[in-house]
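**Student:** PDB, C-alpha atoms, pLDDT in the B column, saved as query11.pdb, coming up:
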```
ATOM      1  CA  MET A   1      22.453  -4.367  16.578  1.00 43.00           C
ATOM      2  CA  TRP A   2      25.304  -6.871  16.345  1.00 46.00           C
ATOM      3  CA  ASP A   3      23.727  -9.454  18.683  1.00 49.00           C
ATOM      4  CA  LEU A   4      26.923  -9.635  20.728  1.00 57.00           C
ATOM      5  CA  THR A   5      27.330  -9.578  24.479  1.00 64.00           C
ATOM      6  CA  LYS A   6      30.415  -8.191  26.183  1.00 70.00           C
ATOM      7  CA  PRO A   7      33.092  -9.301  26.703  1.00 75.00           C
ATOM      8  CA  VAL A   8      33.582 -10.446  23.114  1.00 71.00           C
ATOM      9  CA  THR A   9      36.480 -12.237  21.469  1.00 79.00           C
ATOM     10  CA  ARG A  10      38.149 -11.069  18.274  1.00 78.00           C
ATOM     11  CA  ASN A  11      36.846 -14.140  16.374  1.00 76.00           C
ATOM     12  CA  GLU A  12      33.251 -13.536  17.514  1.00 74.00           C
ATOM     13  CA  LEU A  13      33.454  -9.915  16.399  1.00 76.00           C
ATOM     14  CA  LEU A  14      34.875 -10.865  12.980  1.00 76.00           C
ATOM     15  CA  ARG A  15      32.183 -13.548  12.555  1.00 73.00           C
ATOM     16  CA  ALA A  16      29.434 -11.035  13.410  1.00 71.00           C
ATOM     17  CA  ILE A  17      30.860  -8.535  10.894  1.00 78.00           C
ATOM     18  CA  ALA A  18      31.029 -11.240   8.209  1.00 69.00           C
ATOM     19  CA  VAL A  19      27.404 -12.251   8.814  1.00 66.00           C
ATOM     20  CA  ARG A  20      26.334  -8.616   8.684  1.00 68.00           C
ATOM     21  CA  LEU A  21      28.163  -8.001   5.399  1.00 69.00           C
ATOM     22  CA  GLN A  22      26.733 -11.185   3.900  1.00 65.00           C
ATOM     23  CA  LYS A  23      23.205 -10.134   4.876  1.00 62.00           C
ATOM     24  CA  GLN A  24      23.742  -6.694   3.358  1.00 63.00           C
ATOM     25  CA  ALA A  25      25.056  -8.278   0.139  1.00 63.00           C
ATOM     26  CA  LEU A  26      21.921 -10.437  -0.062  1.00 60.00           C
ATOM     27  CA  PHE A  27      19.698  -7.383   0.323  1.00 58.00           C
ATOM     28  CA  ARG A  28      21.646  -5.570  -2.418  1.00 60.00           C
ATOM     29  CA  TYR A  29      21.301  -8.617  -4.674  1.00 57.00           C
ATOM     30  CA  TRP A  30      17.559  -8.670  -3.970  1.00 56.00           C
ATOM     31  CA  TYR A  31      17.271  -4.994  -4.897  1.00 56.00           C
ATOM     32  CA  ALA A  32      19.270  -5.434  -8.108  1.00 59.00           C
ATOM     33  CA  THR A  33      17.058  -8.301  -9.286  1.00 57.00           C
ATOM     34  CA  ASN A  34      13.632  -7.336  -7.903  1.00 56.00           C
ATOM     35  CA  SER A  35      13.325  -3.559  -7.618  1.00 49.00           C
ATOM     36  CA  HIS A  36      11.527  -3.327 -10.980  1.00 49.00           C
ATOM     37  CA  GLN A  37       8.688  -5.545  -9.784  1.00 48.00           C
ATOM     38  CA  LEU A  38       5.507  -4.157  -8.283  1.00 43.00           C
ATOM     39  CA  ALA A  39       3.636  -5.646  -5.357  1.00 43.00           C
ATOM     40  CA  PRO A  40       1.862  -8.969  -6.016  1.00 43.00           C
ATOM     41  CA  ALA A  41      -1.241  -8.714  -8.184  1.00 39.00           C
ATOM     42  CA  GLN A  42      -3.643  -9.680  -5.416  1.00 41.00           C
ATOM     43  CA  PHE A  43      -2.851  -6.416  -3.627  1.00 40.00           C
ATOM     44  CA  LEU A  44      -3.430  -4.245  -6.667  1.00 41.00           C
ATOM     45  CA  THR A  45      -7.200  -4.299  -6.400  1.00 37.00           C
ATOM     46  CA  THR A  46      -7.579  -0.744  -7.607  1.00 38.00           C
ATOM     47  CA  SER A  47      -6.701   1.032 -10.824  1.00 36.00           C
ATOM     48  CA  VAL A  48      -4.910   3.779  -8.849  1.00 43.00           C
ATOM     49  CA  ASN A  49      -1.174   3.841  -9.542  1.00 45.00           C
ATOM     50  CA  CYS A  50       0.140   3.118  -6.042  1.00 49.00           C
ATOM     51  CA  GLN A  51       3.606   4.443  -6.934  1.00 48.00           C
ATOM     52  CA  SER A  52       2.033   7.914  -7.108  1.00 71.00           C
ATOM     53  CA  ILE A  53       1.838   8.128  -3.315  1.00 87.00           C
ATOM     54  CA  PHE A  54       5.628   8.383  -3.216  1.00 91.00           C
ATOM     55  CA  PRO A  55       7.392  11.635  -4.139  1.00 90.00           C
ATOM     56  CA  ILE A  56       9.714  11.574  -7.162  1.00 90.00           C
ATOM     57  CA  ILE A  57      13.133  11.951  -5.563  1.00 90.00           C
ATOM     58  CA  PRO A  58      15.838  10.104  -7.557  1.00 91.00           C
ATOM     59  CA  ARG A  59      18.095   9.624  -4.507  1.00 90.00           C
ATOM     60  CA  LEU A  60      15.264   7.883  -2.639  1.00 93.00           C
ATOM     61  CA  LYS A  61      13.871   5.820  -5.527  1.00 92.00           C
ATOM     62  CA  ASN A  62      15.400   2.582  -4.224  1.00 93.00           C
ATOM     63  CA  VAL A  63      13.886   3.271  -0.789  1.00 94.00           C
ATOM     64  CA  PHE A  64      10.373   3.698  -2.203  1.00 94.00           C
ATOM     65  CA  ASP A  65      10.808   0.771  -4.607  1.00 93.00           C
ATOM     66  CA  TYR A  66      11.709  -1.469  -1.674  1.00 94.00           C
ATOM     67  CA  ILE A  67       8.703  -0.283   0.346  1.00 94.00           C
ATOM     68  CA  GLU A  68       6.425  -0.849  -2.670  1.00 93.00           C
ATOM     69  CA  ALA A  69       7.645  -4.398  -3.171  1.00 92.00           C
ATOM     70  CA  ASN A  70       7.658  -5.384   0.516  1.00 93.00           C
ATOM     71  CA  TYR A  71       5.096  -3.297   2.449  1.00 92.00           C
ATOM     72  CA  GLN A  72       2.910  -6.387   2.969  1.00 91.00           C
ATOM     73  CA  GLU A  73       5.779  -8.249   4.688  1.00 90.00           C
ATOM     74  CA  GLY A  74       5.729  -6.363   7.982  1.00 87.00           C
ATOM     75  CA  ILE A  75       8.932  -4.447   7.187  1.00 93.00           C
ATOM     76  CA  THR A  76      10.431  -1.792   9.456  1.00 93.00           C
ATOM     77  CA  SER A  77      12.580   1.263   8.771  1.00 93.00           C
ATOM     78  CA  SER A  78      15.640  -0.823   9.757  1.00 93.00           C
ATOM     79  CA  ASP A  79      14.795  -3.398   7.070  1.00 94.00           C
ATOM     80  CA  VAL A  80      14.552  -0.645   4.463  1.00 95.00           C
ATOM     81  CA  ALA A  81      17.867   0.886   5.558  1.00 94.00           C
ATOM     82  CA  GLU A  82      19.616  -2.470   5.450  1.00 93.00           C
ATOM     83  CA  ALA A  83      18.165  -3.276   2.022  1.00 92.00           C
ATOM     84  CA  VAL A  84      19.468  -0.078   0.471  1.00 92.00           C
ATOM     85  CA  GLY A  85      22.811  -0.167   2.274  1.00 91.00           C
ATOM     86  CA  TYR A  86      22.588   2.709   4.744  1.00 91.00           C
ATOM     87  CA  SER A  87      22.532   2.921   8.495  1.00 91.00           C
ATOM     88  CA  SER A  88      19.030   3.244   9.912  1.00 91.00           C
ATOM     89  CA  ALA A  89      19.783   6.605  11.560  1.00 92.00           C
ATOM     90  CA  TYR A  90      21.278   8.120   8.382  1.00 93.00           C
ATOM     91  CA  LEU A  91      18.447   6.978   6.103  1.00 93.00           C
ATOM     92  CA  THR A  92      15.747   8.030   8.573  1.00 93.00           C
ATOM     93  CA  ASN A  93      17.326  11.493   8.696  1.00 94.00           C
ATOM     94  CA  GLN A  94      17.613  11.759   4.895  1.00 93.00           C
ATOM     95  CA  VAL A  95      14.032  10.647   4.198  1.00 95.00           C
ATOM     96  CA  ALA A  96      12.615  12.983   6.842  1.00 95.00           C
ATOM     97  CA  LYS A  97      14.708  15.898   5.541  1.00 94.00           C
ATOM     98  CA  GLN A  98      13.664  15.391   1.901  1.00 93.00           C
ATOM     99  CA  THR A  99      10.014  14.363   2.333  1.00 94.00           C
ATOM    100  CA  GLY A 100       8.944  15.700   5.718  1.00 94.00           C
ATOM    101  CA  LYS A 101       7.903  12.181   6.741  1.00 94.00           C
ATOM    102  CA  ALA A 102       9.632   9.279   8.450  1.00 94.00           C
ATOM    103  CA  ILE A 103      10.243   5.966   6.631  1.00 95.00           C
ATOM    104  CA  THR A 104       7.714   4.323   8.941  1.00 94.00           C
ATOM    105  CA  ALA A 105       5.098   6.883   7.908  1.00 95.00           C
ATOM    106  CA  TRP A 106       5.637   5.979   4.229  1.00 95.00           C
ATOM    107  CA  ILE A 107       5.313   2.261   4.986  1.00 95.00           C
ATOM    108  CA  ILE A 108       2.046   2.893   6.860  1.00 94.00           C
ATOM    109  CA  GLU A 109       0.779   5.195   4.093  1.00 94.00           C
ATOM    110  CA  ARG A 110       1.369   2.462   1.494  1.00 95.00           C
ATOM    111  CA  ARG A 111      -0.424  -0.101   3.652  1.00 95.00           C
ATOM    112  CA  MET A 112      -3.370   2.267   4.083  1.00 95.00           C
ATOM    113  CA  VAL A 113      -3.746   2.616   0.288  1.00 94.00           C
ATOM    114  CA  ALA A 114      -3.898  -1.170  -0.023  1.00 94.00           C
ATOM    115  CA  ALA A 115      -6.222  -1.437   2.998  1.00 95.00           C
ATOM    116  CA  ARG A 116      -8.756   0.968   1.485  1.00 94.00           C
ATOM    117  CA  ALA A 117      -8.776  -0.939  -1.797  1.00 93.00           C
ATOM    118  CA  LEU A 118      -9.242  -4.301  -0.043  1.00 94.00           C
ATOM    119  CA  LEU A 119     -11.958  -2.981   2.273  1.00 94.00           C
ATOM    120  CA  LYS A 120     -13.881  -1.393  -0.590  1.00 92.00           C
ATOM    121  CA  ASN A 121     -13.462  -4.022  -3.294  1.00 91.00           C
ATOM    122  CA  THR A 122     -13.351  -7.358  -1.458  1.00 91.00           C
ATOM    123  CA  HIS A 123     -15.312  -9.239   1.195  1.00 91.00           C
ATOM    124  CA  GLN A 124     -12.230 -10.288   3.142  1.00 93.00           C
ATOM    125  CA  THR A 125     -12.454  -9.963   6.917  1.00 94.00           C
ATOM    126  CA  ILE A 126     -10.569  -7.238   8.790  1.00 95.00           C
ATOM    127  CA  GLU A 127      -8.328  -9.982  10.220  1.00 95.00           C
ATOM    128  CA  GLU A 128      -7.500 -11.300   6.730  1.00 95.00           C
ATOM    129  CA  ILE A 129      -6.736  -7.813   5.434  1.00 95.00           C
ATOM    130  CA  ALA A 130      -4.528  -7.017   8.436  1.00 95.00           C
ATOM    131  CA  ALA A 131      -2.558 -10.244   7.897  1.00 94.00           C
ATOM    132  CA  LYS A 132      -2.174  -9.545   4.153  1.00 93.00           C
ATOM    133  CA  LEU A 133      -0.708  -6.150   4.924  1.00 94.00           C
ATOM    134  CA  GLY A 134       1.940  -7.503   7.282  1.00 91.00           C
ATOM    135  CA  TYR A 135       0.227  -6.808  10.612  1.00 93.00           C
ATOM    136  CA  GLN A 136       0.646  -9.563  13.191  1.00 90.00           C
ATOM    137  CA  ASN A 137      -1.995  -7.936  15.354  1.00 92.00           C
ATOM    138  CA  THR A 138      -5.432  -6.938  14.002  1.00 94.00           C
ATOM    139  CA  SER A 139      -5.865  -4.389  16.806  1.00 95.00           C
ATOM    140  CA  HIS A 140      -2.674  -2.648  15.727  1.00 95.00           C
ATOM    141  CA  PHE A 141      -3.965  -2.448  12.143  1.00 96.00           C
ATOM    142  CA  SER A 142      -7.362  -1.135  13.287  1.00 96.00           C
ATOM    143  CA  ARG A 143      -5.725   1.473  15.502  1.00 95.00           C
ATOM    144  CA  GLN A 144      -3.471   2.765  12.701  1.00 95.00           C
ATOM    145  CA  PHE A 145      -6.353   2.772  10.228  1.00 96.00           C
ATOM    146  CA  SER A 146      -8.541   4.751  12.647  1.00 96.00           C
ATOM    147  CA  GLN A 147      -5.756   7.290  13.245  1.00 94.00           C
ATOM    148  CA  HIS A 148      -5.468   7.866   9.482  1.00 93.00           C
ATOM    149  CA  HIS A 149      -9.149   7.903   8.563  1.00 93.00           C
ATOM    150  CA  GLY A 150     -11.066   8.857  11.700  1.00 94.00           C
ATOM    151  CA  LEU A 151     -13.082   5.626  11.350  1.00 93.00           C
ATOM    152  CA  SER A 152     -12.474   1.997  12.192  1.00 95.00           C
ATOM    153  CA  PRO A 153     -11.897  -0.302   9.195  1.00 95.00           C
ATOM    154  CA  ALA A 154     -15.389  -1.804   9.637  1.00 94.00           C
ATOM    155  CA  HIS A 155     -17.120   1.610   9.707  1.00 94.00           C
ATOM    156  CA  TRP A 156     -15.020   2.896   6.793  1.00 95.00           C
ATOM    157  CA  ARG A 157     -15.964  -0.179   4.755  1.00 94.00           C
ATOM    158  CA  LYS A 158     -19.652   0.196   5.566  1.00 91.00           C
ATOM    159  CA  LYS A 159     -19.654   3.861   4.550  1.00 90.00           C
ATOM    160  CA  HIS A 160     -17.702   3.405   1.306  1.00 86.00           C
ATOM    161  CA  GLN A 161     -19.314   0.178   0.181  1.00 79.00           C
ATOM    162  CA  LEU A 162     -22.734   1.831   0.689  1.00 67.00           C
ATOM    163  CA  THR A 163     -21.590   4.850  -1.341  1.00 60.00           C
ATOM    164  CA  SER A 164     -20.284   2.565  -4.052  1.00 55.00           C
ATOM    165  CA  THR A 165     -23.503   0.501  -4.032  1.00 52.00           C
ATOM    166  CA  SER A 166     -25.727   3.580  -4.256  1.00 51.00           C
ATOM    167  CA  LYS A 167     -23.700   4.907  -7.222  1.00 53.00           C
ATOM    168  CA  ASN A 168     -24.035   1.554  -8.994  1.00 53.00           C
ATOM    169  CA  THR A 169     -27.785   1.476  -8.285  1.00 49.00           C
ATOM    170  CA  LYS A 170     -28.180   5.001  -9.666  1.00 51.00           C
ATOM    171  CA  LEU A 171     -26.224   4.106 -12.823  1.00 51.00           C
ATOM    172  CA  GLN A 172     -28.316   0.949 -13.261  1.00 55.00           C
ATOM    173  CA  PHE A 173     -31.526   2.977 -12.840  1.00 48.00           C
ATOM    174  CA  ILE A 174     -30.414   5.469 -15.531  1.00 50.00           C
ATOM    175  CA  LYS A 175     -29.454   2.585 -17.826  1.00 54.00           C
ATOM    176  CA  ASN A 176     -32.803   0.865 -17.292  1.00 54.00           C
ATOM    177  CA  GLU A 177     -34.666   4.153 -17.780  1.00 53.00           C
ATOM    178  CA  ASN A 178     -32.942   4.703 -21.144  1.00 54.00           C
ATOM    179  CA  ASN A 179     -33.835   1.179 -22.229  1.00 56.00           C
ATOM    180  CA  SER A 180     -37.458   1.368 -21.112  1.00 49.00           C
ATOM    181  CA  PRO A 181     -40.250   1.548 -23.707  1.00 50.00           C
ATOM    182  CA  LEU A 182     -41.171   5.015 -22.373  1.00 48.00           C
ATOM    183  CA  ALA A 183     -37.795   6.356 -23.449  1.00 46.00           C
ATOM    184  CA  LYS A 184     -38.337   5.335 -27.073  1.00 49.00           C
ATOM    185  CA  PRO A 185     -39.735   7.836 -29.625  1.00 50.00           C
ATOM    186  CA  VAL A 186     -43.540   7.971 -29.588  1.00 48.00           C
ATOM    187  CA  PRO A 187     -45.354   8.728 -32.867  1.00 52.00           C
ATOM    188  CA  VAL A 188     -47.529  11.864 -32.733  1.00 53.00           C
ATOM    189  CA  VAL A 189     -50.133  12.447 -35.407  1.00 55.00           C
ATOM    190  CA  SER A 190     -50.885  16.049 -36.340  1.00 54.00           C
ATOM    191  CA  GLY A 191     -52.392  17.879 -39.298  1.00 56.00           C
ATOM    192  CA  ARG A 192     -48.929  18.020 -40.917  1.00 59.00           C
ATOM    193  CA  GLY A 193     -48.299  14.284 -40.716  1.00 57.00           C
ATOM    194  CA  THR A 194     -46.616  11.930 -38.261  1.00 54.00           C
ATOM    195  CA  SER A 195     -43.630  13.053 -36.146  1.00 53.00           C
ATOM    196  CA  PHE A 196     -41.736  11.446 -33.262  1.00 52.00           C
ATOM    197  CA  LYS A 197     -41.144  12.744 -29.741  1.00 53.00           C
TER     198      LYS A 197
END
```
Can you turn what I pasted into C-alpha cells?
**Tutor:**
Amino acid sequence: MWDLTKPVTRNELLRAIAVRLQKQALFRYWYATNSHQLAPAQFLTTSVNCQSIFPIIPRLKNVFDYIEANYQEGITSSDVAEAVGYSSAYLTNQVAKQTGKAITAWIIERRMVAARALLKNTHQTIEEIAAKLGYQNTSHFSRQFSQHHGLSPAHWRKKHQLTSTSKNTKLQFIKNENNSPLAKPVPVVSGRGTSFK
C-alpha cells in the first residue's frame, strides 16, 4: 500500500505519507471540480439515463458519481476509495452493506450498460469496445460480458442488431403500406351517389 520495504527510515516514512496525502488531495480536488460532469459524449450512445443504474443513496453519491465519470478508465475499487477519501476496506464494506453489491460489481455493471449500447448502436469491433471501456484485455471483457448476459459480445450483438433491424423493417413496411396508392380512398359509385372507401 505504501510502497515501502522494511527496514524503513523515519524520513522515508514521512515522504511516503506526504506523497499519499498529496495524491488524496488531488483526488478530492478532482471530485470537487468534476463530479457534476457525465461520461464523455461518445459513450452515451443511448437515450437511457445511465445514472439510473445506481441507487439513490446520498452518502454514496460521490462514489457513484466517480464511477460514472471514470468507468471507462479501468478504475478499481481502490481508486474509487482513494478518490472519495476512505480506506478501501471501509468503503467496500459500506457499499456492500447499503447496496448488496461490491464496488467492483457497480463498476462492471456500468461498463456493461455502455457495452450493450456500443454493441447495438455502432459497428466498432469487440476489441475497440473493450478498450473504450477500460479493459486492457479483450478476453477479460468478453468473459465478463458472457457472465452477465449468457452470450458472448459477438452473439449478443448479432441477436440484438437483428431484432433492431427487423423492427425497423416492419416499421418501414407499415409506413410504405400507408403511403401506397392502395391505402388511399377509392371512389365507389352507387345508386345514392359517389362515396369513398
**Student:** So how far away is CA of Val63 in chain A from CA of Pro153 in chain A, in Å?
**Tutor:**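 About the pair CA of Pro153 in chain A and CA of Val63 in chain A: they are 27.9 Å apart.
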**Student:** If the PyMOL selection byres ((chain A and resi 139) around 12) is run on the structure shown, which residues does it catch, given as a VMD selection string?
**Tutor:** chain A and resid 126 to 127 129 to 131 135 to 138 140 to 146 152 to 153
**Student:** Just to confirm, what's the straight-line distance from CA of Leu118 in chain A to CA of Phe54 in chain A in Å (one decimal)?
**Tutor:**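 One can read the CA of Leu118 in chain A to CA of Phe54 in chain A distance as 19.8 Å.
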**Student:** Here is a test: counting all atoms listed in the file, which residue of A:Ser52, A:Thr122, A:Asn62, A:Asn70 is nearest to Tyr86 in chain A?
**Tutor:**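 Among the listed residues, A:Asn62 lies closest to Tyr86 in chain A.
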**Student:** Using Å and a single decimal, report how far CA of Glu128 in chain A sits from CA of Asp65 in chain A.
**Tutor:**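 Distance reported for this atom pair: 24.7 Å.
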**Student:** Would you mind listing what lies within 9 Å of range 105-108 of chain A as a list in words, with only C-alpha atoms counted and same-chain residues fewer than 4 positions away left out?
**Tutor:**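 Here the answer would be Ile53, Phe54, Phe64, Ile67, Glu68, Tyr71, Ile75, Thr76, Ser77, Lys101, Met112, Val113 and Gln144 of chain A.
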**Student:** Let me know the centre plus edge lengths, in Å and rounded to one decimal, of a box with edges along x, y and z that contains all listed atoms of range 67-81 of chain A and is padded by 3 Å on every side, as JSON.
**Tutor:**
```
{"center_x": 10.4, "center_y": -3.5, "center_z": 3.3, "size_x": 21.0, "size_y": 15.5, "size_z": 18.9}
```
**Student:** Select, from A:Ile57, A:Gln72, A:Gln161, A:Glu12, the residue with the minimum atom-to-atom distance to Arg110 in chain A, counting only C-alpha atoms.
**Tutor:** A:Gln72
**Student:** Once the PyMOL selection byres ((chain A and resi 90-98) around 9) has been evaluated on this model, what residues remain selected, and can you format them as a ChimeraX atom specification?
**Tutor:** /A:57,60,63,77-78,80-81,86-89,99-104
**Student:** So, with all atoms listed in the file as the atoms that count, which of A:Lys61, A:Gly74, A:His160, A:Val84 lies closest to Ala117 in chain A?
**Tutor:**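 Among the listed residues, A:His160 lies closest to Ala117 in chain A.
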**Student:** Using all atoms listed in the file, which of A:Arg15, A:Arg111, A:His149, A:Lys6 sits nearest Lys132 in chain A?
**Tutor:**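 Looking only at the distances to Lys132 in chain A, the closest residue turns out to be A:Arg111.
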**Student:** Which of these, A:Asp79, A:Leu151, A:Arg157, A:Glu109, has the shortest distance to Gln124 in chain A once you count only C-alpha atoms?
**Tutor:**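 Of the candidates, the smallest distance to Gln124 in chain A is held by A:Arg157.
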**Student:** Given only C-alpha atoms as the basis, pick out the residue of A:Glu73, A:Gly85, A:Arg59, A:Leu13 nearest to Gly134 in chain A.
**Tutor:**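 Closest candidate: A:Glu73.
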